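Source file: model36.txt (compact mmCIF, N, CA and C atoms)
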# COMPACT_ATOMS: atom_id res chain seq x y z
N MET A 15 133.52 173.11 241.44
CA MET A 15 132.98 172.39 242.58
C MET A 15 133.15 170.90 242.33
N THR A 16 133.61 170.19 243.34
CA THR A 16 133.81 168.75 243.20
C THR A 16 132.49 168.00 243.32
N ASP A 17 132.53 166.75 242.92
CA ASP A 17 131.34 165.90 243.05
C ASP A 17 130.93 165.77 244.51
N ASP A 18 131.94 165.66 245.40
CA ASP A 18 131.63 165.54 246.83
C ASP A 18 130.96 166.81 247.35
N ALA A 19 131.45 167.96 246.92
CA ALA A 19 130.85 169.22 247.36
C ALA A 19 129.44 169.37 246.82
N SER A 20 129.24 168.96 245.58
CA SER A 20 127.89 169.02 244.99
C SER A 20 126.94 168.08 245.71
N ALA A 21 127.41 166.89 246.04
CA ALA A 21 126.58 165.92 246.74
C ALA A 21 126.22 166.44 248.14
N LEU A 22 127.20 167.03 248.79
CA LEU A 22 126.94 167.58 250.12
C LEU A 22 125.92 168.71 250.05
N MET A 23 126.06 169.58 249.06
CA MET A 23 125.12 170.68 248.89
C MET A 23 123.72 170.15 248.58
N ALA A 24 123.65 169.14 247.74
CA ALA A 24 122.35 168.54 247.40
C ALA A 24 121.71 167.93 248.64
N LEU A 25 122.49 167.24 249.46
CA LEU A 25 121.96 166.65 250.68
C LEU A 25 121.45 167.73 251.63
N GLN A 26 122.23 168.78 251.80
CA GLN A 26 121.81 169.87 252.69
C GLN A 26 120.53 170.53 252.19
N ASN A 27 120.44 170.76 250.90
CA ASN A 27 119.24 171.38 250.34
C ASN A 27 118.02 170.47 250.47
N ALA A 28 118.21 169.19 250.21
CA ALA A 28 117.10 168.24 250.34
C ALA A 28 116.66 168.14 251.80
N TRP A 29 117.62 168.14 252.69
CA TRP A 29 117.30 168.08 254.13
C TRP A 29 116.49 169.31 254.54
N ASN A 30 116.96 170.48 254.10
CA ASN A 30 116.25 171.73 254.43
C ASN A 30 114.85 171.75 253.85
N GLY A 31 114.68 171.21 252.66
CA GLY A 31 113.35 171.13 252.05
C GLY A 31 112.43 170.24 252.86
N ALA A 32 112.95 169.12 253.33
CA ALA A 32 112.14 168.21 254.15
C ALA A 32 111.77 168.88 255.47
N LEU A 33 112.71 169.60 256.06
CA LEU A 33 112.41 170.31 257.31
C LEU A 33 111.35 171.39 257.10
N ALA A 34 111.46 172.12 256.00
CA ALA A 34 110.48 173.17 255.72
C ALA A 34 109.08 172.57 255.52
N ALA A 35 109.00 171.45 254.83
CA ALA A 35 107.71 170.79 254.63
C ALA A 35 107.16 170.29 255.96
N SER A 36 108.04 169.80 256.81
CA SER A 36 107.64 169.36 258.14
C SER A 36 107.13 170.53 258.98
N ASP A 37 107.82 171.65 258.86
CA ASP A 37 107.39 172.85 259.58
C ASP A 37 105.97 173.25 259.18
N ARG A 38 105.66 173.11 257.90
CA ARG A 38 104.32 173.46 257.43
C ARG A 38 103.26 172.55 258.06
N LEU A 39 103.58 171.27 258.19
CA LEU A 39 102.64 170.37 258.87
C LEU A 39 102.45 170.81 260.32
N ARG A 40 103.54 171.17 260.97
CA ARG A 40 103.46 171.64 262.36
C ARG A 40 102.60 172.89 262.47
N GLU A 41 102.74 173.80 261.50
CA GLU A 41 101.94 175.03 261.50
C GLU A 41 100.45 174.73 261.41
N LEU A 42 100.11 173.70 260.66
CA LEU A 42 98.70 173.34 260.46
C LEU A 42 98.14 172.47 261.57
N ALA A 43 99.00 171.95 262.44
CA ALA A 43 98.56 171.02 263.48
C ALA A 43 97.44 171.59 264.37
N PRO A 44 97.55 172.84 264.84
CA PRO A 44 96.46 173.34 265.69
C PRO A 44 95.11 173.35 264.97
N ALA A 45 95.13 173.69 263.69
CA ALA A 45 93.87 173.70 262.94
C ALA A 45 93.31 172.29 262.79
N VAL A 46 94.18 171.33 262.56
CA VAL A 46 93.73 169.94 262.43
C VAL A 46 93.17 169.45 263.76
N HIS A 47 93.87 169.75 264.84
CA HIS A 47 93.42 169.28 266.15
C HIS A 47 92.15 169.98 266.62
N SER A 48 91.84 171.11 266.04
CA SER A 48 90.62 171.81 266.45
C SER A 48 89.40 171.35 265.68
N LEU A 49 89.58 170.47 264.71
CA LEU A 49 88.43 169.96 263.95
C LEU A 49 87.54 169.10 264.84
N THR A 50 86.26 169.27 264.68
CA THR A 50 85.27 168.47 265.40
C THR A 50 84.14 168.15 264.43
N GLU A 51 83.24 167.33 264.88
CA GLU A 51 82.06 167.05 264.05
C GLU A 51 81.27 168.33 263.83
N ALA A 52 81.28 169.21 264.82
CA ALA A 52 80.55 170.47 264.70
C ALA A 52 81.34 171.50 263.88
N ASN A 53 82.62 171.27 263.73
CA ASN A 53 83.52 172.18 263.01
C ASN A 53 84.29 171.36 261.96
N PRO A 54 83.61 170.86 260.91
CA PRO A 54 84.25 169.97 259.94
C PRO A 54 85.20 170.73 259.00
N MET A 55 85.92 169.96 258.21
CA MET A 55 86.85 170.55 257.25
C MET A 55 86.08 171.26 256.14
N THR A 56 86.65 172.38 255.72
CA THR A 56 86.11 173.13 254.59
C THR A 56 86.90 172.77 253.34
N ASP A 57 86.46 173.25 252.20
CA ASP A 57 87.22 173.04 250.96
C ASP A 57 88.61 173.65 251.09
N GLN A 58 88.72 174.79 251.75
CA GLN A 58 90.04 175.42 251.96
C GLN A 58 90.93 174.55 252.84
N ASP A 59 90.34 173.91 253.83
CA ASP A 59 91.11 173.00 254.68
C ASP A 59 91.64 171.84 253.86
N PHE A 60 90.75 171.23 253.06
CA PHE A 60 91.18 170.12 252.22
C PHE A 60 92.35 170.53 251.33
N ASP A 61 92.24 171.71 250.73
CA ASP A 61 93.31 172.21 249.86
C ASP A 61 94.61 172.41 250.63
N ALA A 62 94.53 173.05 251.79
CA ALA A 62 95.73 173.33 252.58
C ALA A 62 96.36 172.05 253.10
N TYR A 63 95.56 171.14 253.64
CA TYR A 63 96.10 169.90 254.19
C TYR A 63 96.64 169.00 253.09
N GLY A 64 95.95 168.99 251.96
CA GLY A 64 96.43 168.19 250.83
C GLY A 64 97.74 168.71 250.29
N ALA A 65 97.85 170.02 250.14
CA ALA A 65 99.09 170.61 249.62
C ALA A 65 100.24 170.39 250.58
N ALA A 66 99.99 170.57 251.88
CA ALA A 66 101.05 170.40 252.87
C ALA A 66 101.51 168.95 252.95
N SER A 67 100.56 168.02 252.90
CA SER A 67 100.95 166.61 253.00
C SER A 67 101.65 166.14 251.73
N LEU A 68 101.24 166.65 250.58
CA LEU A 68 101.93 166.30 249.33
C LEU A 68 103.35 166.86 249.31
N ALA A 69 103.51 168.10 249.73
CA ALA A 69 104.86 168.69 249.79
C ALA A 69 105.75 167.90 250.74
N HIS A 70 105.20 167.50 251.86
CA HIS A 70 105.97 166.72 252.83
C HIS A 70 106.37 165.37 252.24
N ALA A 71 105.44 164.70 251.61
CA ALA A 71 105.73 163.40 251.01
C ALA A 71 106.78 163.52 249.91
N ASN A 72 106.66 164.52 249.07
CA ASN A 72 107.63 164.70 247.98
C ASN A 72 109.01 165.03 248.52
N ALA A 73 109.07 165.91 249.52
CA ALA A 73 110.36 166.29 250.09
C ALA A 73 111.02 165.10 250.78
N ALA A 74 110.24 164.33 251.51
CA ALA A 74 110.79 163.16 252.19
C ALA A 74 111.28 162.12 251.17
N GLN A 75 110.52 161.91 250.12
CA GLN A 75 110.92 160.93 249.10
C GLN A 75 112.17 161.41 248.35
N ALA A 76 112.26 162.68 248.07
CA ALA A 76 113.45 163.22 247.40
C ALA A 76 114.68 163.05 248.28
N LEU A 77 114.54 163.33 249.56
CA LEU A 77 115.64 163.16 250.50
C LEU A 77 116.05 161.69 250.58
N ARG A 78 115.08 160.83 250.70
CA ARG A 78 115.36 159.39 250.77
C ARG A 78 116.08 158.90 249.52
N GLY A 79 115.60 159.33 248.36
CA GLY A 79 116.24 158.93 247.11
C GLY A 79 117.67 159.44 247.01
N LEU A 80 117.90 160.65 247.46
CA LEU A 80 119.25 161.21 247.42
C LEU A 80 120.18 160.43 248.35
N VAL A 81 119.72 160.13 249.56
CA VAL A 81 120.54 159.36 250.50
C VAL A 81 120.88 157.99 249.90
N GLU A 82 119.91 157.35 249.30
CA GLU A 82 120.17 156.04 248.67
C GLU A 82 121.17 156.15 247.53
N GLU A 83 121.05 157.21 246.74
CA GLU A 83 121.99 157.42 245.63
C GLU A 83 123.39 157.68 246.16
N LEU A 84 123.51 158.48 247.19
CA LEU A 84 124.82 158.75 247.77
C LEU A 84 125.44 157.48 248.33
N ARG A 85 124.62 156.62 248.93
CA ARG A 85 125.13 155.33 249.43
C ARG A 85 125.61 154.45 248.27
N ARG A 86 124.85 154.42 247.18
CA ARG A 86 125.27 153.62 246.01
C ARG A 86 126.60 154.13 245.47
N ARG A 87 126.74 155.45 245.39
CA ARG A 87 128.00 156.03 244.91
C ARG A 87 129.16 155.65 245.82
N ARG A 88 128.95 155.74 247.13
CA ARG A 88 130.00 155.39 248.07
C ARG A 88 130.38 153.93 247.93
N ASP A 89 129.38 153.07 247.84
CA ASP A 89 129.64 151.63 247.72
C ASP A 89 130.39 151.32 246.43
N ALA A 90 129.99 151.98 245.34
CA ALA A 90 130.69 151.76 244.06
C ALA A 90 132.14 152.25 244.15
N GLN A 91 132.34 153.37 244.80
CA GLN A 91 133.70 153.89 244.95
C GLN A 91 134.54 152.97 245.82
N ASN A 92 133.94 152.42 246.86
CA ASN A 92 134.67 151.50 247.73
C ASN A 92 135.04 150.22 247.01
N GLN A 93 134.20 149.79 246.07
CA GLN A 93 134.50 148.58 245.31
C GLN A 93 135.64 148.80 244.34
N ARG A 94 135.81 150.03 243.89
CA ARG A 94 136.91 150.34 242.96
C ARG A 94 138.26 150.42 243.66
N THR A 95 138.23 150.68 244.95
CA THR A 95 139.49 150.85 245.67
C THR A 95 139.91 149.59 246.37
Serialized structure, structure tokens:
Amino acid sequence: MTDDASALMALQNAWNGALAASDRLRELAPAVHSLTEANPMTDQDFDAYGAASLAHANAAQALRGLVEELRRRRDAQNQRT
């Protein structure tokens, strides 16, 4: 597998991970929107919302880092040519 193919696969996997984490936030949205003062968050809610938001943040940061690295590689390659 070439470096370009590996980079493309890494980008696709990182993108899919970010989408999956986003999907989890969407799944939890109805529960979040149904919270009221009379229906406050439980310990299970805190755990679920914390885990989902952390997964989303990590996936987004990994994707962002990969895109930045791919740009650096492209720029370095362009400077060599």
Six-sided padding of 3 Å per side, axis-aligned box over range 75-87 of chain A, centre and edges in Å, one decimal, as lines of an AutoDock Vina configuration file:
center_x = 119.8
center_y = 158.5
center_z = 247.8
size_x = 24.6
size_y = 15.7
size_z = 11.9
Protein, DNA and RNA residues within 6 Å of (124.3, 157.5, 244.4), only N, CA and C atoms, as a PyMOL selection string: chain A and resi 82-88
statement: Computed gap from atom N of Arg40 in chain A to atom N of Leu22 in chain A is 26.9 Å
query: If you measure from CA of Ala35 in chain A to CA of Asp59 in chain A, what distance in Å do you get, rounded to one decimal?
result: 16.7 Å
message: Can you measure atom C of His47 in chain A to CA of Asn72 in chain A for me? One decimal in Å is fine.
response: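 Taking atom C of His47 in chain A and CA of Asn72 in chain A, their separation equals 24.8 Å.
Residue neighbourhood of Arg38 in chain A, excluding near-sequence residues (fewer than 6 positions): Ala32, Ala62, Tyr63, Ala65, Ala66, Ser67, Ala69 and His70 of chain A, at 10 Å, using only C-alpha atoms.
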message: From the options A:Gly64, A:Ala76, A:Arg94, A:Pro44, which residue's atoms come nearest to Gln26 in chain A, counting only C-alpha atoms?
response: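 Nearest to Gln26 in chain A: A:Ala76.
Of the listed residues (A:Ser48, A:Thr56, A:Ser36, A:Asn92), A:Ser36 comes nearest to Ala71 in chain A; the distances count only C-alpha atoms.
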Counting only N, CA and C atoms, the residue of A:Leu25, A:Val46, A:Leu39, A:Ala90 that sits nearest Leu77 in chain A: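 Checking each of A:Leu25, A:Val46, A:Leu39, A:Ala90 against Leu77 in chain A, counting only N, CA and C atoms, the winner is A:Leu25.
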query: From the list A:Gln58, A:Ala73, A:Leu80, A:Gln93, which residue is nearest Ala24 in chain A when using only C-alpha atoms?
result: A:Leu80
